[in-house]
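Asker: Take a look at work-v2.cif, mmCIF, C-alpha atoms:
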```
data_upload
#
loop_
_atom_site.label_atom_id
_atom_site.label_comp_id
_atom_site.auth_asym_id
_atom_site.auth_seq_id
_atom_site.Cartn_x
_atom_site.Cartn_y
_atom_site.Cartn_z
CA MET V 23 0.00 0.00 0.00
CA ARG V 24 2.88 2.32 0.85
CA ARG V 25 4.32 2.07 -2.64
CA LEU V 26 1.08 3.41 -4.10
CA ILE V 27 1.54 6.75 -2.35
CA PRO V 28 4.40 8.23 -4.48
CA PRO V 29 2.61 7.63 -7.83
CA LEU V 30 -0.61 8.92 -6.30
CA LEU V 31 1.15 12.11 -5.18
CA ALA V 32 2.70 12.43 -8.65
CA GLY V 33 -0.80 12.01 -10.11
CA ILE V 34 -2.16 14.78 -7.88
CA PHE V 35 0.71 17.02 -8.94
CA LEU V 36 0.00 16.33 -12.62
CA LEU V 37 -3.72 16.95 -12.11
CA VAL V 38 -3.04 20.31 -10.48
CA PHE V 39 -0.63 21.17 -13.29
CA GLN V 40 -3.23 20.20 -15.87
CA ALA V 41 -6.04 22.12 -14.19
CA THR V 42 -4.07 25.30 -13.59
CA PHE V 43 -0.95 25.92 -15.70
CA LEU V 44 -2.12 24.13 -18.82
CA SER V 45 -5.46 25.96 -18.63
CA PHE V 46 -3.69 29.21 -19.38
CA PHE V 47 -3.18 28.06 -22.95
CA PRO V 48 -5.38 30.19 -25.18
CA ILE V 49 -6.56 27.10 -27.07
CA GLN V 50 -8.02 24.64 -24.59
CA ARG V 51 -8.52 21.85 -27.08
CA ILE V 52 -4.80 21.29 -27.55
CA ARG V 53 -4.24 20.74 -23.86
CA PRO V 54 -2.63 17.31 -23.48
CA ASP V 55 -4.03 14.88 -20.93
CA LEU V 56 -1.07 14.41 -18.60
CA LEU V 57 -2.91 12.03 -16.30
CA LEU V 58 -3.71 9.73 -19.20
CA ILE V 59 -0.04 9.64 -20.16
CA PHE V 60 0.84 8.91 -16.54
CA THR V 61 -1.71 6.09 -16.43
CA LEU V 62 -0.14 4.63 -19.58
CA TYR V 63 3.27 4.86 -17.98
CA LEU V 64 2.02 3.11 -14.84
CA ALA V 65 0.97 0.21 -17.05
CA PHE V 66 4.67 -0.42 -17.69
CA LEU V 67 5.62 -0.17 -14.02
CA PHE V 68 2.91 -1.75 -11.92
CA PRO V 69 1.29 -5.17 -11.79
CA PRO V 70 -2.43 -5.37 -12.69
CA ILE V 71 -3.90 -5.13 -9.19
CA SER V 72 -1.91 -2.27 -7.66
CA GLY V 73 -1.75 -0.49 -11.01
CA GLY V 74 -5.46 -0.94 -11.52
CA ILE V 75 -6.12 0.58 -8.08
CA LEU V 76 -3.86 3.52 -8.98
CA ALA V 77 -5.60 4.05 -12.32
CA PHE V 78 -8.94 3.94 -10.51
CA PHE V 79 -7.82 6.65 -8.08
CA LEU V 80 -6.38 8.80 -10.87
CA GLY V 81 -9.69 8.54 -12.73
CA TYR V 82 -11.53 9.35 -9.53
CA LEU V 83 -9.38 12.48 -9.11
CA MET V 84 -10.20 13.54 -12.65
CA ASP V 85 -13.91 13.12 -11.98
CA LEU V 86 -13.63 14.97 -8.71
CA PHE V 87 -12.20 18.10 -10.28
CA SER V 88 -14.21 18.02 -13.49
CA GLY V 89 -17.84 18.84 -14.17
CA ASN V 90 -18.58 15.17 -14.60
CA ALA V 91 -20.97 13.80 -12.04
CA LEU V 92 -21.18 10.32 -13.54
CA GLY V 93 -17.73 8.99 -12.71
CA LEU V 94 -16.78 8.33 -16.31
CA TYR V 95 -13.04 8.66 -15.79
CA THR V 96 -13.18 6.41 -12.73
CA PHE V 97 -14.54 3.85 -15.13
CA SER V 98 -12.37 4.58 -18.15
CA ARG V 99 -8.91 4.98 -16.55
CA PRO V 100 -8.64 1.41 -15.18
CA LEU V 101 -9.75 0.24 -18.64
CA VAL V 102 -7.01 2.37 -20.20
CA PHE V 103 -4.52 0.87 -17.76
CA PHE V 104 -5.48 -2.71 -18.56
CA ALA V 105 -5.59 -2.01 -22.29
CA ALA V 106 -2.09 -0.54 -22.10
CA GLN V 107 -0.87 -3.56 -20.14
CA LEU V 108 -2.36 -5.84 -22.74
CA LEU V 109 -0.84 -3.95 -25.63
CA ARG V 110 2.64 -3.37 -24.23
CA GLU V 111 3.60 -7.03 -24.70
CA ARG V 112 2.16 -7.27 -28.19
CA PHE V 113 3.37 -4.09 -29.81
CA TYR V 114 6.72 -2.48 -30.34
CA LEU V 115 6.71 0.69 -28.26
CA GLU V 116 10.20 2.06 -28.66
CA GLY V 117 10.91 5.42 -30.27
CA PHE V 118 8.96 8.60 -30.75
CA ALA V 119 6.63 7.48 -33.53
CA PHE V 120 5.40 4.30 -31.85
CA ARG V 121 4.86 5.95 -28.48
CA PHE V 122 3.04 8.82 -30.16
CA LEU V 123 0.80 6.40 -32.02
CA PHE V 124 0.20 4.33 -28.89
CA ALA V 125 -0.90 7.33 -26.80
CA PHE V 126 -2.85 8.86 -29.70
CA LEU V 127 -4.90 5.70 -30.26
CA ILE V 128 -5.53 5.10 -26.56
CA SER V 129 -6.56 8.74 -26.03
CA LEU V 130 -8.84 8.58 -29.05
CA SER V 131 -10.39 5.31 -27.90
CA GLU V 132 -10.99 6.67 -24.40
CA GLY V 133 -12.58 9.80 -25.88
CA ILE V 134 -14.91 7.72 -28.04
CA LEU V 135 -15.82 5.54 -25.05
CA ILE V 136 -16.56 8.58 -22.89
CA SER V 137 -18.60 10.31 -25.59
CA VAL V 138 -20.65 7.15 -26.18
CA LEU V 139 -21.21 6.80 -22.43
CA ILE V 140 -22.20 10.46 -22.05
CA ASN V 141 -24.73 10.15 -24.83
CA ALA V 142 -26.00 6.80 -23.61
CA LEU V 143 -26.49 8.06 -20.06
CA GLN V 144 -28.30 11.24 -21.11
CA PRO V 145 -32.07 11.10 -20.95
CA ILE V 146 -32.16 13.03 -24.24
CA PRO V 147 -29.39 12.43 -26.80
CA LEU V 148 -27.05 15.37 -27.17
CA GLY V 149 -27.33 16.37 -30.82
CA SER V 150 -24.56 18.91 -30.67
CA PHE V 151 -22.08 16.54 -29.08
CA TYR V 152 -20.62 14.62 -32.01
CA PRO V 153 -19.08 17.60 -33.88
CA SER V 154 -16.72 17.91 -30.92
CA PHE V 155 -15.11 14.69 -32.17
CA PHE V 156 -13.24 16.75 -34.72
CA THR V 157 -12.94 20.02 -32.85
CA CYS V 158 -11.94 18.59 -29.48
CA LEU V 159 -11.21 14.87 -29.38
CA ILE V 160 -8.81 14.45 -32.31
CA PRO V 161 -6.69 17.57 -31.57
CA GLN V 162 -6.44 16.62 -27.92
CA ALA V 163 -5.51 13.03 -28.71
CA PHE V 164 -2.91 14.30 -31.17
CA PHE V 165 -1.28 16.62 -28.65
CA THR V 166 -1.45 13.98 -25.92
CA GLY V 167 0.40 11.66 -28.30
CA LEU V 168 2.91 14.35 -29.14
CA VAL V 169 3.80 15.00 -25.50
CA THR V 170 3.91 11.30 -24.55
CA PRO V 171 7.50 10.46 -25.63
CA LEU V 172 8.82 13.48 -23.76
CA LEU V 173 6.83 12.72 -20.62
CA PHE V 174 7.79 9.04 -20.75
CA PHE V 175 11.40 10.21 -20.70
CA VAL V 176 10.70 12.49 -17.71
CA PHE V 177 8.79 9.74 -15.87
CA ARG V 178 11.60 7.33 -16.60
CA LYS V 179 14.04 9.71 -14.93
CA GLY V 180 11.75 9.94 -11.92
CA SER V 181 10.70 6.30 -11.88
CA PRO V 182 12.99 5.35 -8.96
CA PHE V 183 10.87 7.70 -6.86
CA LEU V 184 7.64 6.31 -8.26
CA SER V 185 8.28 2.68 -7.59
CA ARG V 186 10.98 0.49 -6.15
CA GLN V 187 9.80 -2.22 -8.42
CA SER V 188 10.79 -0.15 -11.43
CA GLU V 189 14.36 -0.05 -10.16
CA GLN V 190 14.38 -3.82 -9.98
CA ARG V 191 12.91 -4.02 -13.44
CA ILE V 192 15.50 -1.67 -14.83
CA GLU V 193 18.24 -3.77 -13.28
CA GLU V 194 16.74 -6.93 -14.68
CA GLY V 195 16.41 -5.35 -18.10
CA GLU V 196 12.65 -5.90 -18.13
CA TYR V 197 11.68 -2.28 -18.02
CA ARG V 198 11.18 -0.81 -21.47
CA PRO V 199 8.46 1.82 -21.62
CA MET R 16 79.86 77.98 -28.58
CA PHE R 17 76.95 77.46 -30.90
CA ALA R 18 74.57 78.39 -28.19
CA LEU R 19 76.45 81.53 -27.40
CA VAL R 20 76.37 82.52 -31.07
CA LEU R 21 72.65 81.95 -31.17
CA MET R 22 72.13 83.95 -27.97
CA SER R 23 74.17 86.77 -29.34
CA LEU R 24 72.21 86.81 -32.61
CA ARG R 25 68.89 86.82 -30.76
CA ALA R 26 69.99 89.58 -28.40
CA LYS R 27 71.17 91.74 -31.27
CA GLN R 28 68.35 91.23 -33.78
CA ARG R 29 65.56 90.44 -31.31
CA LYS R 30 64.58 87.49 -33.47
CA GLY R 31 65.69 83.90 -34.03
CA VAL R 32 67.30 82.30 -37.00
CA GLU R 33 64.27 81.83 -39.21
CA PHE R 34 65.61 78.97 -41.22
CA PHE R 35 66.73 77.08 -38.18
CA ASP R 36 63.46 77.67 -36.34
CA VAL R 37 61.42 76.49 -39.30
CA LEU R 38 63.58 73.44 -39.73
CA LEU R 39 63.23 72.47 -36.10
CA MET R 40 59.53 73.08 -36.08
CA GLU R 41 59.08 70.97 -39.20
CA VAL R 42 61.05 68.15 -37.67
CA CYS R 43 59.51 68.26 -34.20
CA SER R 44 55.88 68.94 -35.02
CA PRO R 45 55.22 65.57 -36.68
CA LEU R 46 56.76 63.89 -33.66
CA GLU R 47 54.59 66.00 -31.40
CA LYS R 48 51.58 65.12 -33.52
CA ALA R 49 52.44 61.44 -33.39
CA SER R 50 53.00 61.59 -29.68
CA THR R 51 49.67 63.31 -29.13
CA LEU R 52 47.98 60.72 -31.30
CA VAL R 53 49.51 57.91 -29.28
CA ILE R 54 48.48 59.53 -26.01
CA LYS R 55 44.99 60.13 -27.27
CA THR R 56 44.73 56.57 -28.56
CA VAL R 57 45.90 55.17 -25.27
CA GLN R 58 43.54 57.48 -23.40
CA ARG R 59 40.66 56.45 -25.65
CA THR R 60 41.55 52.79 -25.26
CA PHE R 61 41.46 53.15 -21.51
CA GLN R 62 38.23 55.09 -21.60
CA GLU R 63 36.47 52.81 -24.02
CA HIS R 64 37.76 49.43 -22.92
CA VAL R 65 39.67 49.31 -19.66
CA PHE R 66 37.42 51.71 -17.77
CA LEU R 67 34.36 49.85 -19.19
CA VAL R 68 34.59 47.39 -16.33
CA ASN R 69 32.68 49.90 -14.27
CA VAL R 70 30.37 50.72 -17.11
CA GLU R 71 29.56 47.04 -17.49
CA LYS R 72 28.80 46.89 -13.76
CA GLU R 73 26.73 50.03 -14.04
CA ASN R 74 24.95 48.57 -17.04
CA ARG R 75 24.13 45.43 -15.12
CA THR R 76 22.82 47.46 -12.20
CA LEU R 77 20.72 49.59 -14.52
CA LYS R 78 19.38 46.54 -16.32
CA ARG R 79 18.41 45.02 -12.99
CA LYS R 80 16.76 48.24 -12.02
CA VAL R 81 14.86 48.37 -15.33
CA ALA R 82 13.73 44.77 -14.83
CA GLU R 83 12.62 45.61 -11.28
CA LEU R 84 10.74 48.65 -12.49
CA GLN R 85 9.15 46.65 -15.29
CA GLU R 86 8.09 44.00 -12.80
CA GLU R 87 6.72 46.71 -10.51
CA ASN R 88 4.92 48.23 -13.46
CA ARG R 89 3.41 44.86 -14.35
CA ARG R 90 2.32 44.41 -10.73
CA MET R 91 0.77 47.87 -10.74
CA VAL R 92 -1.09 47.16 -13.98
CA GLU R 93 -2.30 43.85 -12.56
CA MET R 94 -3.39 45.61 -9.36
CA LYS R 95 -5.14 48.28 -11.39
CA LEU R 96 -6.99 45.67 -13.43
CA ALA R 97 -7.88 43.69 -10.29
CA ASN R 98 -9.04 46.90 -8.66
CA GLU R 99 -11.26 47.73 -11.61
CA ARG R 100 -12.65 44.20 -11.66
CA LEU R 101 -13.32 44.20 -7.93
CA LYS R 102 -14.88 47.65 -8.14
CA ARG R 103 -17.30 46.39 -10.80
CA LEU R 104 -18.07 43.32 -8.67
CA LEU R 105 -18.63 45.48 -5.59
CA GLN R 106 -20.88 47.81 -7.52
CA PHE R 107 -22.80 44.82 -8.86
CA ARG R 108 -23.08 43.41 -5.34
CA GLU R 109 -24.38 46.68 -3.97
CA GLU R 110 -26.92 47.01 -6.76
CA THR R 111 -28.15 43.42 -6.48
CA PRO R 112 -30.49 42.65 -3.61
CA LEU R 113 -29.41 39.02 -3.46
CA SER R 114 -27.29 37.62 -0.68
CA MET R 115 -24.02 36.62 -2.28
CA ILE R 116 -20.58 35.46 -1.37
CA GLY R 117 -17.50 36.23 -3.45
CA ALA R 118 -15.24 33.39 -4.54
CA GLU R 119 -12.05 33.09 -6.49
CA VAL R 120 -11.59 30.66 -9.36
CA ILE R 121 -8.63 28.45 -8.49
CA GLY R 122 -8.72 25.83 -11.21
CA GLN R 123 -10.24 24.77 -14.49
CA ASP R 124 -11.66 21.44 -15.54
CA PRO R 125 -8.79 18.97 -16.09
CA SER R 126 -10.69 17.16 -18.84
CA SER R 127 -11.63 18.57 -22.21
CA TRP R 128 -15.10 17.05 -22.32
CA PHE R 129 -16.59 18.89 -19.41
CA LYS R 130 -16.72 22.56 -18.55
CA SER R 131 -16.31 23.39 -14.89
CA VAL R 132 -14.20 25.48 -12.55
CA THR R 133 -13.12 25.04 -8.94
CA VAL R 134 -13.72 27.93 -6.51
CA ASP R 135 -12.21 28.60 -3.10
CA LYS R 136 -15.49 28.63 -1.16
CA GLY R 137 -17.19 25.53 0.16
CA GLU R 138 -19.57 24.11 2.72
CA LYS R 139 -17.89 26.01 5.57
CA ASP R 140 -18.91 29.23 3.83
CA GLY R 141 -22.46 28.02 3.34
CA VAL R 142 -22.09 26.94 -0.28
CA LYS R 143 -24.45 24.13 -1.25
CA LYS R 144 -25.06 22.02 -4.30
CA GLY R 145 -27.30 23.68 -6.89
CA MET R 146 -26.55 27.27 -5.85
CA ALA R 147 -26.29 29.75 -8.71
CA VAL R 148 -22.93 31.26 -9.59
CA ILE R 149 -22.91 34.62 -11.32
CA CYS R 150 -20.75 37.67 -12.00
CA SER R 151 -21.47 41.24 -13.01
CA ALA R 152 -21.77 40.30 -16.72
CA GLY R 153 -24.23 37.45 -16.23
CA ILE R 154 -24.70 33.89 -15.06
CA ILE R 155 -21.80 31.45 -14.95
CA GLY R 156 -23.22 28.17 -13.76
CA GLN R 157 -24.26 26.29 -10.67
CA ILE R 158 -22.54 24.45 -7.84
CA LEU R 159 -22.08 20.81 -8.76
CA LYS R 160 -19.94 19.40 -5.95
CA THR R 161 -18.94 20.78 -2.60
CA ALA R 162 -16.12 20.14 -0.15
CA PRO R 163 -15.60 21.93 3.20
CA ASP R 164 -13.43 24.64 1.64
CA TYR R 165 -13.90 24.26 -2.11
CA ALA R 166 -16.63 23.70 -4.66
CA THR R 167 -16.93 22.74 -8.30
CA VAL R 168 -19.06 24.94 -10.53
CA LEU R 169 -20.72 23.43 -13.59
CA LEU R 170 -20.53 26.11 -16.28
CA ILE R 171 -23.51 26.87 -18.49
CA THR R 172 -21.39 25.89 -21.49
CA ASP R 173 -21.18 22.28 -20.28
CA TYR R 174 -23.22 19.67 -22.16
CA ASN R 175 -24.94 18.69 -18.91
CA SER R 176 -26.07 22.21 -18.07
CA ALA R 177 -29.60 23.45 -18.71
CA VAL R 178 -30.99 26.82 -17.63
CA ASP R 179 -34.58 27.91 -18.04
CA SER R 180 -34.52 31.24 -19.88
CA VAL R 181 -36.51 33.77 -21.87
CA VAL R 182 -35.62 35.95 -24.82
CA GLN R 183 -35.74 39.43 -23.28
CA ARG R 184 -37.41 41.22 -26.22
CA THR R 185 -40.12 38.72 -27.17
CA ARG R 186 -40.39 36.78 -23.87
CA ALA R 187 -40.03 33.53 -25.83
CA LYS R 188 -39.23 30.66 -23.49
CA ALA R 189 -36.38 28.26 -24.08
CA ILE R 190 -33.84 26.11 -22.32
CA VAL R 191 -30.22 27.24 -22.61
CA GLU R 192 -28.06 24.16 -23.00
CA GLY R 193 -24.29 24.03 -23.10
CA LYS R 194 -22.47 23.23 -26.32
CA GLY R 195 -18.90 23.32 -25.04
CA GLU R 196 -16.29 25.77 -26.36
CA ASN R 197 -17.93 28.87 -24.83
CA ARG R 198 -21.21 28.40 -26.72
CA CYS R 199 -24.77 27.41 -25.85
CA GLN R 200 -27.91 26.61 -27.76
CA LEU R 201 -31.52 27.52 -27.16
CA LYS R 202 -33.56 24.36 -26.97
CA TYR R 203 -37.33 24.03 -27.25
CA LEU R 204 -37.64 27.47 -28.77
CA LEU R 205 -40.93 27.43 -30.67
CA ARG R 206 -40.75 28.04 -34.43
CA THR R 207 -43.54 30.59 -34.13
CA GLU R 208 -41.44 32.80 -31.83
CA GLU R 209 -39.66 35.76 -33.39
CA VAL R 210 -36.04 35.67 -32.38
CA GLU R 211 -33.32 37.72 -34.04
CA VAL R 212 -29.54 37.73 -33.93
CA GLY R 213 -28.43 40.07 -31.14
CA ASP R 214 -31.44 39.40 -28.88
CA ALA R 215 -30.54 39.20 -25.21
CA VAL R 216 -31.49 36.06 -23.30
CA VAL R 217 -32.14 36.25 -19.56
CA THR R 218 -33.02 33.72 -16.87
CA SER R 219 -36.72 33.04 -16.41
CA GLY R 220 -36.48 32.22 -12.71
CA LEU R 221 -38.44 29.01 -13.27
CA GLY R 222 -35.59 26.55 -13.07
CA GLY R 223 -35.31 26.92 -9.33
CA ASN R 224 -31.63 27.78 -9.21
CA PHE R 225 -31.28 31.15 -10.90
CA PRO R 226 -33.20 34.28 -9.95
CA LYS R 227 -35.25 35.92 -12.69
CA GLY R 228 -33.75 38.46 -15.07
CA LEU R 229 -30.06 37.62 -14.95
CA MET R 230 -28.22 37.96 -18.25
CA VAL R 231 -27.37 34.67 -19.93
CA GLY R 232 -26.09 35.74 -23.33
CA GLU R 233 -26.79 37.01 -26.80
CA VAL R 234 -28.33 35.16 -29.74
CA LYS R 235 -25.69 34.68 -32.43
CA LYS R 236 -27.44 32.42 -34.92
CA VAL R 237 -31.05 31.59 -35.71
CA ASP R 238 -32.03 28.78 -38.04
CA LYS R 239 -35.60 28.01 -39.03
CA LYS R 240 -34.71 25.62 -41.82
CA GLY R 241 -36.20 22.17 -41.91
CA HIS R 242 -39.38 20.99 -40.30
CA GLY R 243 -40.50 20.58 -36.75
CA VAL R 244 -42.04 22.45 -33.89
CA PHE R 245 -38.86 24.12 -32.74
CA GLN R 246 -36.29 26.39 -34.30
CA TYR R 247 -32.55 26.29 -33.73
CA ALA R 248 -30.76 29.21 -32.10
CA GLU R 249 -27.20 29.53 -30.90
CA LEU R 250 -26.15 31.70 -28.02
CA VAL R 251 -22.87 33.23 -26.89
CA PRO R 252 -22.73 33.60 -23.10
CA SER R 253 -22.33 37.14 -21.82
CA VAL R 254 -19.46 35.94 -19.64
CA ASP R 255 -16.26 34.70 -21.20
CA MET R 256 -15.90 31.37 -19.42
CA THR R 257 -12.24 31.04 -20.35
CA LYS R 258 -11.30 34.18 -18.40
CA LEU R 259 -13.09 33.67 -15.11
CA GLU R 260 -11.29 34.99 -12.05
CA GLU R 261 -13.77 36.17 -9.42
CA VAL R 262 -17.38 35.03 -9.14
CA PHE R 263 -20.37 35.33 -6.80
CA VAL R 264 -22.31 32.45 -5.33
CA ILE R 265 -25.93 33.34 -4.61
CA MET R 266 -26.47 32.16 -1.07
CA GLU R 267 -30.15 32.55 -0.39
CA PRO R 268 -32.74 30.20 -1.85
CA LEU R 269 -34.67 31.49 -4.84
CA ARG R 270 -37.94 31.95 -2.96
CA SER R 271 -36.45 34.58 -0.67
CA SER R 272 -34.36 36.19 -3.40
CA LEU R 273 -37.09 38.51 -4.59
CA PRO R 274 -35.99 42.10 -5.14
CA GLN R 275 -36.25 44.37 -2.12
CA GLU R 276 -38.94 46.49 -3.76
CA GLU R 277 -41.23 43.51 -4.10
CA LYS R 278 -40.56 42.60 -0.48
CA VAL R 279 -41.45 46.13 0.57
CA LYS R 280 -44.62 46.04 -1.52
CA LYS R 281 -45.58 42.72 -0.02
CA GLY R 282 -44.90 44.12 3.42
CA LYS R 283 -47.17 47.12 2.75
CA LYS R 284 -49.93 44.89 1.40
CA GLY R 285 -49.66 42.74 4.50
CA LYS R 286 -49.99 45.78 6.73
CA LYS R 287 -53.08 46.97 4.85
#
```
Here is the file; what I need is its structure written in the form of structure tokens.

Answerer:
Amino acid sequence: MRRLIPPLLAGIFLLVFQATFLSFFPIQRIRPDLLLIFTLYLAFLFPPISGGILAFFLGYLMDLFSGNALGLYTFSRPLVFFAAQLLRERFYLEGFAFRFLFAFLISLSEGILISVLINALQPIPLGSFYPSFFTCLIPQAFFTGLVTPLLFFVFRKGSPFLSRQSEQRIEEGEYRP
Amino acid sequence: MFALVLMSLRAKQRKGVEFFDVLLMEVCSPLEKASTLVIKTVQRTFQEHVFLVNVEKENRTLKRKVAELQEENRRMVEMKLANERLKRLLQFREETPLSMIGAEVIGQDPSSWFKSVTVDKGEKDGVKKGMAVICSAGIIGQILKTAPDYATVLLITDYNSAVDSVVQRTRAKAIVEGKGENRCQLKYLLRTEEVEVGDAVVTSGLGGNFPKGLMVGEVKKVDKKGHGVFQYAELVPSVDMTKLEEVFVIMEPLRSSLPQEEKVKKGKKGKK
């Protein structure tokens, strides 16, 4: 349980950064989702149970500070975590292009899932919602993908603080986010 | 001997040997000129290069001072702007008969799908879920979640937001629904209603959260194409949701938020 605290604190820090500093960008739609990138990174560091719990809490934090009363991120972030864990063994994820594509596709998939859930849970379908696919979802997924290789590098530098396990994995040569 | 001869000549004729004087002057003057040039060059070199150590220091000090003054100037401008903003808010507060509490926006929505802000007032200050949040330019949203010291405000531009409103000029009723990206749409606006671009939309007071007559926004687009009972109208909120800094939370419930005049009238009627 104690080893979950450092990544949780890092998640809170990233959330605050995302909700304050990144909000000063004049164009909101290009704001990358740092917590999503962090969740993807955790998929390389943590085993399914503890990582799943972390992803759940990170999603819960997102829901807590957003205007979303349904808990959509609490639902979607563990799914993102498990999807990333599933994919990391099957796909080559070295280099800028592959990491970009990985984060872009995951971000896009999560966005589609959330938009479908929002519309499904509304008593009346939101007619004006789907145009935001192009104006909001794709640009955001693109910029999230663009930032991912850089943030993976930063997280990798700070991974000894995030998890002791990562240190072991690095030593054993297993760790390759 | 030569000197004595020269002295004698000078004493007798009261003048020097012209040829000799000229010769000497012609020989010495270039040397003098060269010497002066060297001295001046050295002097200039010292002034322009060696003594510049101090000038460089002075320059650094001045640059620091300029930076400090610029920073001070920026602070003053920021204070001036904040002062103007707060003055407007205070004026609005004094003019409005509603009981309100001021709050500062401390964070935006971390996700891109939803539109909300976090404010620095919570349950300890009496803030409750569903309370209306406004500013001098118009309505902003309503309280969605509360914590002891903080609260989340759902903005009217969010997809989940709906505010019962009327078009000020024609009194046509509609629901203002969020469309994201600082835009809203008027839903259930009857096709028979005359609505034009530029019409102001205000709260109807029927929703239960917002008092009547608060500015919501301005109609930007009206579309009567197609069939159906309703027409389509787009609205731009009167408040720029991307630049929120200070807001007011309306504290009292809607029932008791009637304007003072009406309260006075009611009071008089009661007395009669």

Asker: Record the distance separating atom CA of Ile154 of chain R and atom CA of Val212 of chain R, expressed in Å with one decimal.

Answerer: 19.9 Å

Asker: Output the residue selection produced by the PyMOL selection byres ((chain V and resi 56) around 9) on the file above, formatted as a list of chain:residue names.

Answerer: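 Applied to this file, the PyMOL selection byres ((chain V and resi 56) around 9) selects V:Gly33, V:Leu36, V:Leu37, V:Phe39, V:Gln40, V:Arg53, V:Pro54, V:Asp55, V:Leu57, V:Leu58, V:Ile59, V:Phe60, V:Thr61, V:Thr166, V:Val169, V:Thr170, V:Leu173.
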
Asker: Output the contact residues of chain V with respect to chain R at a cut-off of 7 Å, based on only C-alpha atoms, as a CSV table (one decimal) with C-alpha atoms, keeping the file's coordinate frame.

Answerer:
```
chain,number,residue,atom,x,y,z
V,37,LEU,CA,-3.7,17.0,-12.1
V,40,GLN,CA,-3.2,20.2,-15.9
V,41,ALA,CA,-6.0,22.1,-14.2
V,42,THR,CA,-4.1,25.3,-13.6
V,45,SER,CA,-5.5,26.0,-18.6
V,51,ARG,CA,-8.5,21.8,-27.1
V,84,MET,CA,-10.2,13.5,-12.6
V,87,PHE,CA,-12.2,18.1,-10.3
V,88,SER,CA,-14.2,18.0,-13.5
V,89,GLY,CA,-17.8,18.8,-14.2
V,90,ASN,CA,-18.6,15.2,-14.6
V,150,SER,CA,-24.6,18.9,-30.7
```

Asker: Find the distance between atom CA of Leu108 of chain V and atom CA of Phe66 of chain V and write it in Å to one decimal.

Answerer: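 Spanning atom CA of Leu108 of chain V to atom CA of Phe66 of chain V is a straight-line distance of 10.2 Å.
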
Asker: Pick out the residues sitting within 9 Å of Gly73 of chain V, and hand them over as a count of residues only; count only C-alpha atoms, and ignore anything fewer than 5 positions along from it in its own chain.

Answerer: 10

Asker: Quick one: residues within 9 Å of segment 125-134 of chain V, all atoms listed in the file, excluding same-chain residues fewer than 4 positions away - as a PyMOL selection string?

Answerer: (chain V and resi 55+58-59+62+98-99+101-102+105-106+120-121+138-139+155+159-160+162-168+170) or (chain R and resi 128)

Asker: Might you pull out every residue within 12 Å of Val181 of chain R, with only C-alpha atoms counted and same-chain residues fewer than 5 positions away left off, and present them as a ChimeraX atom specification?

Answerer: /R:186-191,201-205,208,210,214-222,227-234

Asker: Could you please determine the separation between atom CA of Lys102 of chain R and atom CA of Ile155 of chain R in Å, to one decimal place?

Answerer: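 Going from atom CA of Lys102 of chain R over to atom CA of Ile155 of chain R, I get 18.9 Å.
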
Asker: Select all residues near (-0.9, 2.5, -5.9) (cut-off 10 Å, inclusive, file coordinates), counting only C-alpha atoms, and output them as number ranges by chain.

Answerer: V: 23-31, 64, 68-69, 71-80, 184-185

Asker: Any chance you could work out the residue set of the PyMOL selection byres ((chain R and resi 136-141) around 9) here, as a PyMOL selection string?

Answerer: chain R and resi 116-119+133-135+142-143+161-167+264+266
